[in-house]
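> Can you read through this structure? Questions will come right after.
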Amino acid sequence: MKSVLLLILCTLAVFANTLTFEHDFTQAQKKAKQEHKQVMMMYSAVWCPECNYMKEVVFKNQDVVSYIQKHYVVLTLDVQKDTLPEGFDYPGIPVFFFLDDKAKEKNKIIGGSKANIFLQKLKGLK
């Protein structure tokens with residue numbers, strides 16, 4: 001019984017420090033307002049190596065995850081499946097848009113980077 005409980009607690013600890021990605025623009029905005037956070041909208045593609053690096057490596061770094069969870073609701077949109085909302089422009093992928101409470105672009109980070117550099121960029125947005 002103790003080993004089952006320990007396994008459950010370990011599993012919860014692992015998943016507690018992972019990012020949850022929203023896939024609907026309106027729902028992400030609503031959630032951000034409820035939680036008093038901004039939306040970080042990632043525009044990417046499954047075939048993009050840099051996009052995958054961000055999702056598979058950077059967004060699993062615990063310092064990055066903790067910071068993002070504290071400040072943002074993460075919305076991910078796919079270049080091939082989703083149209084960017086009106087008013088957003090991108091020069092390439094991945095691109096990260098940081099939205100204000102009226103769903104307007106407040107800041108933007110273009111391209112991926114290593115976890116420590118991405119975290120520095122995030123902290124510089126405030």
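Chains: A, B, ... in order of the structure tokens. Residues: from 1 per chain. Ligands: from 1, in order shown.
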Which residues are close to Gly112 in chain A, i.e. within 7 Å by only C-alpha atoms, leaving aside same-chain residues fewer than 3 positions away? Reply as a ChimeraX atom specification.
/A:50-51,54,94
> Tell me, as a list in words, which residues lie within 12 Å of Phe88 in chain A, counting only C-alpha atoms; anything in the same chain fewer than 5 positions away does not count.
Met41, Met42, Tyr43, Thr83, Val95, Phe96, Phe97, Phe98, Leu99, Ala103, Lys104, Glu105, Lys106, Asn107 and Lys108 of chain A
> Write the residues of the preceding selection, restricted to C-alpha atoms, as a compact mmCIF listing (two decimals), in the first residue's frame.

# COMPACT_ATOMS: atom_id res chain seq x y z
CA MET A 41 0.72 32.17 -27.57
CA MET A 42 3.16 29.90 -29.39
CA TYR A 43 2.80 29.61 -33.16
CA THR A 83 -5.07 30.64 -38.43
CA VAL A 95 7.17 32.72 -32.42
CA PHE A 96 5.81 33.56 -28.99
CA PHE A 97 3.24 36.32 -28.61
CA PHE A 98 2.50 37.76 -25.19
CA LEU A 99 -1.00 39.14 -24.99
CA ALA A 103 -5.96 39.94 -26.52
CA LYS A 104 -3.58 42.41 -28.15
CA GLU A 105 0.12 41.75 -28.67
CA LYS A 106 2.14 43.21 -25.82
CA ASN A 107 5.49 41.53 -26.59
CA LYS A 108 6.96 38.94 -28.93
> Using only C-alpha atoms, which of the listed residues (A:His23, A:Lys30, A:Lys114, A:Lys123) sits closest to Lys70 in chain A?
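Smallest separation from Lys70 in chain A among the options: A:Lys123.
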> Could you check how far CA of Trp47 in chain A sits from CA of Ile109 in chain A, in Å to one decimal?
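Interatomic distance, CA of Trp47 in chain A to CA of Ile109 in chain A: 19.7 Å.
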> Go through A:Leu19, A:Val73, A:Val64, A:Val57 one by one, measure the shortest atom-to-atom distance of each to Gln34 in chain A using only C-alpha atoms, and give the residue with the smallest value.
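Ranked by minimum distance to Gln34 in chain A, first place goes to A:Val73.
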> Which of range 26-84 of chain A end up as helix (DSSP H, G or I) when DSSP is run on this backbone - answer as a PyMOL selection string?
chain A and resi 26-35+49-56+58-60+62-71
